[in-house]
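Have a look at the structure below before the remarks.
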Amino acid sequence: MNHPSDEKLLRYLDEGKRLEELSLTEEEQVRFKELSRLHELLLREHQPLMPSSNFTSRVMNSLRRQPTPSLLTPRNGLWLLAGLVVATGITITVLSGESASLTQNILPAPSLKWTTPLPQLPKPTLDVKQLIQGIIILNSALALFLLDRAVLRPFFQRRADRLS
Amino acid sequence: MIDRILAGDQDGYATLVDRYKSFAFSIAVKVLNNRAEAEEVAQDAFVKAFYYLKNFNKQSKFSTWLYRIVFNTALSHKRKNRVVMDELDQQTVAYHEHADHALERNDKQQYVAQALQLLSDADREAVQLYYLRELSLEETAEVLGLNLNTLKVRVHRARQRLAEELRKLLKEEALTL
């Protein structure tokens, strides 16, 4: 049952006013005593509680057990990833053969006439093109690894922490 | 103190934990109604707060910010472990959970504890945090994620309901004597 004067009486209680200080009707005085009794009981029910004596040391131990943050932050990882992608893109472009015409335009080779024959260099045993392709594959694998460790895992870990 | 902790003084955090652990633990107990779970949740909340410390914007008090983390962690824990029971079982459990402390309390205190369990979760949390008396009304509203008027309405409604329940319980007690 709601009493119309409850709001006023509860405000008096919260302000710490005593019955003797207030001018209330008889009905309001009865209600004020009821609410005062409840107020006292609620205050006693809600004394602050103390946790166990080793609470703080357990919190600090949990902090020390957590892995230390690495240099591979998401931002660093993204920059490194971007660099790898750019380097891989340039290398692929160079390998595709289009660079031949590009370099000719940038660096026009002067026409030279040699009077003496040039010495013959031994043919390289290593296929440079294959080597560069191998480096591209390694770069791509490294880029995927970085994407996982530096970007995707921290993102999903933070999401899981927020949801929990 | 917070700047020192952010600069790497992890042991300085122990001072903060000591300062705020009592109220943090009290909030968790009020939400979960179980000391062991509350202690675990309060510890988790302090660990979370340490890692979110760099996001603390110093516009509110550190205590209000921390207690909000404790409250949300306790609520999440409660939702994860909620078991659906019918109303009668809930009242029985509420009675038995308080029965352990019955010898330490007088009957009226026990009735208040029982009556608190009859409130809705939202009203109970509002009145319990209010009566812990550590925070102002505005800070309590911030911890609960409510606007000030909503908190006042909930506290007011909870106290009216508790007054009625207490009156009924005391009347029943008088009748059985």
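Residues in the structure tokens are named by chain (A, B, ... in the order shown) and by number from 1 within that chain; ligands are numbered from 1 in the order shown.
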Exercise: Lys33 in chain A partners within 12 Å, only C-alpha atoms, chain neighbours under 2 positions left out, as a PDB file with N, CA, C and O atoms, in the first residue's frame:
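What ended up in out-v6.pdb:
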```pdb
ATOM      1  N   ASP A   6       4.826   9.265   1.506  1.00  0.00           N
ATOM      2  CA  ASP A   6       6.067   8.458   1.601  1.00  0.00           C
ATOM      3  C   ASP A   6       7.278   9.196   1.046  1.00  0.00           C
ATOM      4  O   ASP A   6       8.359   9.143   1.632  1.00  0.00           O
ATOM      5  N   LEU A   9       8.446  11.706   3.498  1.00  0.00           N
ATOM      6  CA  LEU A   9       8.983  11.088   4.714  1.00  0.00           C
ATOM      7  C   LEU A   9      10.336  10.419   4.455  1.00  0.00           C
ATOM      8  O   LEU A   9      11.249  10.510   5.271  1.00  0.00           O
ATOM      9  N   LEU A  10      10.465   9.776   3.303  1.00  0.00           N
ATOM     10  CA  LEU A  10      11.751   9.127   2.980  1.00  0.00           C
ATOM     11  C   LEU A  10      12.834  10.182   2.773  1.00  0.00           C
ATOM     12  O   LEU A  10      13.990   9.972   3.129  1.00  0.00           O
ATOM     13  N   TYR A  12      12.963  13.040   4.367  1.00  0.00           N
ATOM     14  CA  TYR A  12      13.344  13.469   5.722  1.00  0.00           C
ATOM     15  C   TYR A  12      14.328  12.475   6.340  1.00  0.00           C
ATOM     16  O   TYR A  12      15.310  12.850   6.976  1.00  0.00           O
ATOM     17  N   LEU A  13      14.037  11.174   6.109  1.00  0.00           N
ATOM     18  CA  LEU A  13      14.920  10.132   6.653  1.00  0.00           C
ATOM     19  C   LEU A  13      16.314  10.252   6.053  1.00  0.00           C
ATOM     20  O   LEU A  13      17.316  10.176   6.761  1.00  0.00           O
ATOM     21  N   LYS A  17      16.674  13.620   9.424  1.00  0.00           N
ATOM     22  CA  LYS A  17      15.779  14.355  10.333  1.00  0.00           C
ATOM     23  C   LYS A  17      15.142  13.378  11.330  1.00  0.00           C
ATOM     24  O   LYS A  17      14.864  12.227  11.008  1.00  0.00           O
ATOM     25  N   ARG A  18      14.890  13.890  12.540  1.00  0.00           N
ATOM     26  CA  ARG A  18      14.233  13.070  13.568  1.00  0.00           C
ATOM     27  C   ARG A  18      12.777  13.500  13.700  1.00  0.00           C
ATOM     28  O   ARG A  18      12.412  14.615  13.330  1.00  0.00           O
ATOM     29  N   LEU A  19      11.971  12.591  14.251  1.00  0.00           N
ATOM     30  CA  LEU A  19      10.530  12.827  14.367  1.00  0.00           C
ATOM     31  C   LEU A  19      10.231  14.123  15.107  1.00  0.00           C
ATOM     32  O   LEU A  19       9.330  14.891  14.732  1.00  0.00           O
ATOM     33  N   GLU A  20      11.027  14.384  16.159  1.00  0.00           N
ATOM     34  CA  GLU A  20      10.772  15.564  17.014  1.00  0.00           C
ATOM     35  C   GLU A  20      10.958  16.876  16.228  1.00  0.00           C
ATOM     36  O   GLU A  20      10.405  17.901  16.583  1.00  0.00           O
ATOM     37  N   LEU A  24       4.265  16.640  11.723  1.00  0.00           N
ATOM     38  CA  LEU A  24       3.554  15.664  10.894  1.00  0.00           C
ATOM     39  C   LEU A  24       2.201  15.349  11.530  1.00  0.00           C
ATOM     40  O   LEU A  24       2.020  15.486  12.746  1.00  0.00           O
ATOM     41  N   GLU A  26      -0.803  12.672  12.657  1.00  0.00           N
ATOM     42  CA  GLU A  26      -0.651  11.435  13.434  1.00  0.00           C
ATOM     43  C   GLU A  26      -0.355  10.246  12.519  1.00  0.00           C
ATOM     44  O   GLU A  26       0.504   9.409  12.814  1.00  0.00           O
ATOM     45  N   GLU A  27      -1.083  10.231  11.400  1.00  0.00           N
ATOM     46  CA  GLU A  27      -0.896   9.127  10.436  1.00  0.00           C
ATOM     47  C   GLU A  27       0.534   9.167   9.877  1.00  0.00           C
ATOM     48  O   GLU A  27       1.187   8.138   9.736  1.00  0.00           O
ATOM     49  N   GLU A  28       0.999  10.379   9.579  1.00  0.00           N
ATOM     50  CA  GLU A  28       2.359  10.520   9.036  1.00  0.00           C
ATOM     51  C   GLU A  28       3.399  10.117  10.080  1.00  0.00           C
ATOM     52  O   GLU A  28       4.433   9.542   9.743  1.00  0.00           O
ATOM     53  N   GLN A  29       3.124  10.396  11.342  1.00  0.00           N
ATOM     54  CA  GLN A  29       4.070  10.029  12.404  1.00  0.00           C
ATOM     55  C   GLN A  29       4.189   8.510  12.495  1.00  0.00           C
ATOM     56  O   GLN A  29       5.301   7.983  12.634  1.00  0.00           O
ATOM     57  N   VAL A  30       3.051   7.805  12.403  1.00  0.00           N
ATOM     58  CA  VAL A  30       3.070   6.331  12.454  1.00  0.00           C
ATOM     59  C   VAL A  30       3.879   5.802  11.276  1.00  0.00           C
ATOM     60  O   VAL A  30       4.734   4.927  11.422  1.00  0.00           O
ATOM     61  N   ARG A  31       3.603   6.370  10.108  1.00  0.00           N
ATOM     62  CA  ARG A  31       4.305   5.918   8.892  1.00  0.00           C
ATOM     63  C   ARG A  31       5.797   6.243   8.995  1.00  0.00           C
ATOM     64  O   ARG A  31       6.635   5.438   8.601  1.00  0.00           O
ATOM     65  N   LEU A  35       8.909   3.638   8.612  1.00  0.00           N
ATOM     66  CA  LEU A  35       9.987   3.809   7.634  1.00  0.00           C
ATOM     67  C   LEU A  35      11.344   3.975   8.336  1.00  0.00           C
ATOM     68  O   LEU A  35      12.363   3.502   7.826  1.00  0.00           O
ATOM     69  N   SER A  36      11.359   4.615   9.500  1.00  0.00           N
ATOM     70  CA  SER A  36      12.613   4.756  10.267  1.00  0.00           C
ATOM     71  C   SER A  36      13.146   3.403  10.696  1.00  0.00           C
ATOM     72  O   SER A  36      14.350   3.138  10.624  1.00  0.00           O
ATOM     73  N   ARG A  37      12.215   2.569  11.151  1.00  0.00           N
ATOM     74  CA  ARG A  37      12.608   1.218  11.590  1.00  0.00           C
ATOM     75  C   ARG A  37      13.230   0.466  10.420  1.00  0.00           C
ATOM     76  O   ARG A  37      14.276  -0.159  10.561  1.00  0.00           O
ATOM     77  N   LEU A  38      12.585   0.551   9.266  1.00  0.00           N
ATOM     78  CA  LEU A  38      13.114  -0.106   8.066  1.00  0.00           C
ATOM     79  C   LEU A  38      14.476   0.469   7.700  1.00  0.00           C
ATOM     80  O   LEU A  38      15.411  -0.262   7.380  1.00  0.00           O
ATOM     81  N   HIS A  39      14.592   1.793   7.751  1.00  0.00           N
ATOM     82  CA  HIS A  39      15.833   2.486   7.407  1.00  0.00           C
ATOM     83  C   HIS A  39      16.988   1.981   8.274  1.00  0.00           C
ATOM     84  O   HIS A  39      18.073   1.671   7.771  1.00  0.00           O
ATOM     85  N   GLU A  40      16.743   1.871   9.588  1.00  0.00           N
ATOM     86  CA  GLU A  40      17.790   1.384  10.515  1.00  0.00           C
ATOM     87  C   GLU A  40      18.175  -0.048  10.203  1.00  0.00           C
ATOM     88  O   GLU A  40      19.359  -0.403  10.211  1.00  0.00           O
TER      89      GLU A  40
ATOM     90  N   ALA B 163       8.837  -1.991   3.353  1.00  0.00           N
ATOM     91  CA  ALA B 163       8.072  -1.589   4.542  1.00  0.00           C
ATOM     92  C   ALA B 163       6.805  -2.433   4.656  1.00  0.00           C
ATOM     93  O   ALA B 163       6.438  -2.876   5.753  1.00  0.00           O
ATOM     94  N   ARG B 167       6.051  -5.217   7.547  1.00  0.00           N
ATOM     95  CA  ARG B 167       4.835  -5.091   8.355  1.00  0.00           C
ATOM     96  C   ARG B 167       4.072  -6.408   8.348  1.00  0.00           C
ATOM     97  O   ARG B 167       3.633  -6.890   9.390  1.00  0.00           O
TER      98      ARG B 167
END
```
Next on the checklist: Could you list, as a VMD selection string, every residue within 12 Å of Arg157 in chain B, counting only C-alpha atoms and ignoring same-chain residues fewer than 5 positions away?
Outcome noted: (chain A and resid 1 to 3 6 to 7 10) or (chain B and resid 119 to 120 122 to 124 126 to 127 150 to 152 162 to 164)
Next on the checklist: If we count only C-alpha atoms and set the cut-off at 7 Å, which residues sit around Phe71 in chain B, ignoring sequence neighbours fewer than 3 positions away in its own chain? Please answer as number ranges by chain.
Outcome noted: B: 27-28, 67-68, 74-75
Item to check | Neighbours of chain B in chain A at 8 Å, counting only C-alpha atoms, as an MDAnalysis selection string | outcome: chainID A and resid 1:2 6:7 10 34:35 38 41:43 45:52 55:60 62:63 164
Checklist entry - How many Å separate CA of Glu125 in chain B from CA of Leu170 in chain B? => result 23.9 Å
Next on the checklist: as a PyMOL selection string, please: every residue in chain B that a backbone DSSP assignment puts in alpha helix (DSSP H).
Outcome noted: chain B and resi 2-6+12-32+35-52+62-80+87-99+107-117+121-132+137-144+148-176
Item to check | Distance in Å - CA of Leu146 in chain B versus CA of Arg79 in chain B | outcome: 18.9 Å
